[in-house]
Amino acid sequence: KLDFDLGGGLSLMGAIMNPTDITEFNPPNDYTLGFQLGYENDAGGTWLNAQLGDQDGDFDDDENGVEDASSLFQIDLTTGYNLSESFYLGFNTSYQVTGTDEAGMDPGSFFGVALYPSVTLSESFALGFRGEYFSESNGYLGVVPLDNEGNGSVIDLTFSANYSVGNLRFIPEIRMDSFSNDFVEDGETKSSILSFLLAAVYSF
């Protein structure tokens, strides 16, 4: 990895990495190229990331000129700033696509965008929100219910609170997932999920 300080809060990074989307094996002759352009100041920062990689050691086109399905390109923008002493706003968006498969099928891809505002109301109490849209095509990941063409999307809305008592923090959270396609759970057809979570964190 090479890091460059461009001055004025700007930075540039370039890296040669192992496959980024495979953890169960590490074949020879595989690699991922990564790049990052960043900007930081006292209020926060913005980072633009891109990666182009091979996930199985066979990056080149095959003998018929079909692009290897394991080739991967992803671009990602992450930013977050304290807009005031009590208000923070974060934003993230990412797009990833693979090459066509051996049968010449269209590449699979996903796209996501999320917004993270939070407000601190006192030293012991804060409120947060996370709104996200996520979609995938051609059954790329299979993490959301898909239609007959392998396409699907979801809108996630999460509301959370953060309340501190000494070293103990309570974090209640309500989340709604609304899907573009129906799914079956416990014999019922549904298109959304409502969930509640309560976490307690003790710091020492």
# chains A, B, ... in the order shown; residues from 1 in each chain; ligands from 1
>>> residues_around(residues="Glu85 of chain A", least_positions_apart="3", cutoff="12 Å", atoms="only C-alpha atoms", output="MDAnalysis selection string")
chainID A and resid 42:43 81:82 88:89 118:123
>>> select_by_dssp(residues="segment 48-174 of chain A", states="strand (DSSP E)", output="JSON, numbers by chain")
{"A": [48, 49, 50, 51, 52, 53, 54, 71, 72, 73, 74, 75, 76, 77, 78, 79, 80, 81, 82, 87, 88, 89, 90, 91, 92, 93, 94, 95, 96, 97, 98, 109, 110, 111, 112, 113, 114, 115, 116, 117, 118, 119, 120, 125, 126, 127, 128, 129, 130, 131, 132, 133, 134, 135, 136, 137, 152, 153, 154, 155, 156, 157, 158, 159, 160, 161, 162, 163, 164, 165, 168, 169, 170, 171, 172, 173, 174]}
>>> residues_around(residues="Tyr163 of chain A", least_positions_apart="4", cutoff="9 Å", atoms="only C-alpha atoms", output="list in words")
Ser124, Phe125, Ala126, Leu127, Leu168, Arg169, Phe170, Ile171 and Pro172 of chain A
>>> closest_residue(among="A:Gly139, A:Pro145, A:Gly131, A:Gly112", to="Lys190 of chain A", atoms="only C-alpha atoms")
A:Pro145
>>> residues_around(residues="Asn92 of chain A", least_positions_apart="5", cutoff="7 Å", atoms="only C-alpha atoms", output="list in words")
Leu77, Thr78, Thr79, Val113, Ala114 and Leu115 of chain A
>>> write_last_selection(atoms="all heavy atoms", output="short mmCIF file (atom, residue, chain, number, x, y, z; two decimals), in the first residue's frame")
data_model
loop_
_atom_site.label_atom_id
_atom_site.label_comp_id
_atom_site.auth_asym_id
_atom_site.auth_seq_id
_atom_site.Cartn_x
_atom_site.Cartn_y
_atom_site.Cartn_z
N LEU A 77 -18.49 5.88 -2.16
CA LEU A 77 -18.29 7.21 -1.58
C LEU A 77 -18.81 7.20 -0.15
O LEU A 77 -19.96 6.85 0.10
CB LEU A 77 -19.03 8.27 -2.39
CG LEU A 77 -18.98 9.70 -1.81
CD1 LEU A 77 -17.55 10.25 -1.91
CD2 LEU A 77 -19.96 10.62 -2.53
N THR A 78 -17.94 7.57 0.78
CA THR A 78 -18.31 7.65 2.20
C THR A 78 -17.96 9.03 2.72
O THR A 78 -16.83 9.51 2.50
CB THR A 78 -17.56 6.59 3.02
OG1 THR A 78 -17.89 5.29 2.54
CG2 THR A 78 -17.94 6.68 4.50
N THR A 79 -18.90 9.68 3.38
CA THR A 79 -18.65 11.00 3.91
C THR A 79 -19.43 11.20 5.21
O THR A 79 -20.50 10.61 5.40
CB THR A 79 -19.03 12.09 2.89
OG1 THR A 79 -18.71 13.38 3.42
CG2 THR A 79 -20.51 12.04 2.55
N VAL A 113 -27.41 3.07 -1.21
CA VAL A 113 -27.22 4.45 -0.77
C VAL A 113 -27.85 4.58 0.62
O VAL A 113 -28.92 4.03 0.87
CB VAL A 113 -27.84 5.45 -1.78
CG1 VAL A 113 -29.33 5.20 -1.97
CG2 VAL A 113 -27.58 6.88 -1.34
N ALA A 114 -27.15 5.25 1.52
CA ALA A 114 -27.63 5.35 2.90
C ALA A 114 -27.32 6.72 3.47
O ALA A 114 -26.29 7.34 3.15
CB ALA A 114 -26.99 4.26 3.77
N LEU A 115 -28.21 7.19 4.35
CA LEU A 115 -28.06 8.48 5.02
C LEU A 115 -28.10 8.24 6.52
O LEU A 115 -28.94 7.48 7.02
CB LEU A 115 -29.20 9.41 4.60
CG LEU A 115 -29.06 10.89 4.94
CD1 LEU A 115 -27.90 11.51 4.17
CD2 LEU A 115 -30.36 11.63 4.63
#
>>> atom_distance(atom1="atom CA of Phe91 of chain A", atom2="atom CA of Phe179 of chain A")
21.6 Å
>>> residues_around(residues="Leu37 of chain A", least_positions_apart="2", cutoff="7 Å", atoms="only C-alpha atoms", output="ChimeraX atom specification")
/A:11-13,35,47-49
>>> residues_around(residues="Val143 of chain A", least_positions_apart="6", cutoff="12 Å", atoms="only C-alpha atoms", output="PDB file with C-alpha atoms, in the first residue's frame")
ATOM      1  CA  PHE A 110     -25.630  -4.170  -6.591  1.00  0.00           C
ATOM      2  CA  PHE A 134     -30.326  -1.354  -1.650  1.00  0.00           C
ATOM      3  CA  SER A 135     -30.891  -3.176  -4.948  1.00  0.00           C
ATOM      4  CA  GLU A 136     -29.313  -6.060  -6.835  1.00  0.00           C
ATOM      5  CA  SER A 137     -29.635  -7.423 -10.367  1.00  0.00           C
ATOM      6  CA  GLY A 150     -33.184 -12.069 -10.350  1.00  0.00           C
ATOM      7  CA  ASN A 151     -33.834  -8.426  -9.472  1.00  0.00           C
ATOM      8  CA  GLY A 152     -34.919  -7.010  -6.126  1.00  0.00           C
ATOM      9  CA  SER A 153     -34.572  -4.088  -3.745  1.00  0.00           C
ATOM     10  CA  VAL A 154     -35.250  -3.072  -0.162  1.00  0.00           C
ATOM     11  CA  PHE A 179     -39.020  -5.193  -0.033  1.00  0.00           C
ATOM     12  CA  PHE A 183     -41.351 -13.568   0.371  1.00  0.00           C
TER      13      PHE A 183
END
>>> residues_around(residues="Ile174 of chain A", least_positions_apart="5", cutoff="12 Å", atoms="only C-alpha atoms", output="list in words")
Leu127, Gly128, Phe129, Arg130, Asp156, Leu157, Thr158, Phe159, Ser160, Ala161, Ile193, Leu194, Ser195, Phe196, Leu197, Leu198 and Ala199 of chain A
>>> closest_residue(among="A:Thr93, A:Ser191, A:Ser203, A:Ser71", to="Glu132 of chain A", atoms="only C-alpha atoms")
A:Thr93
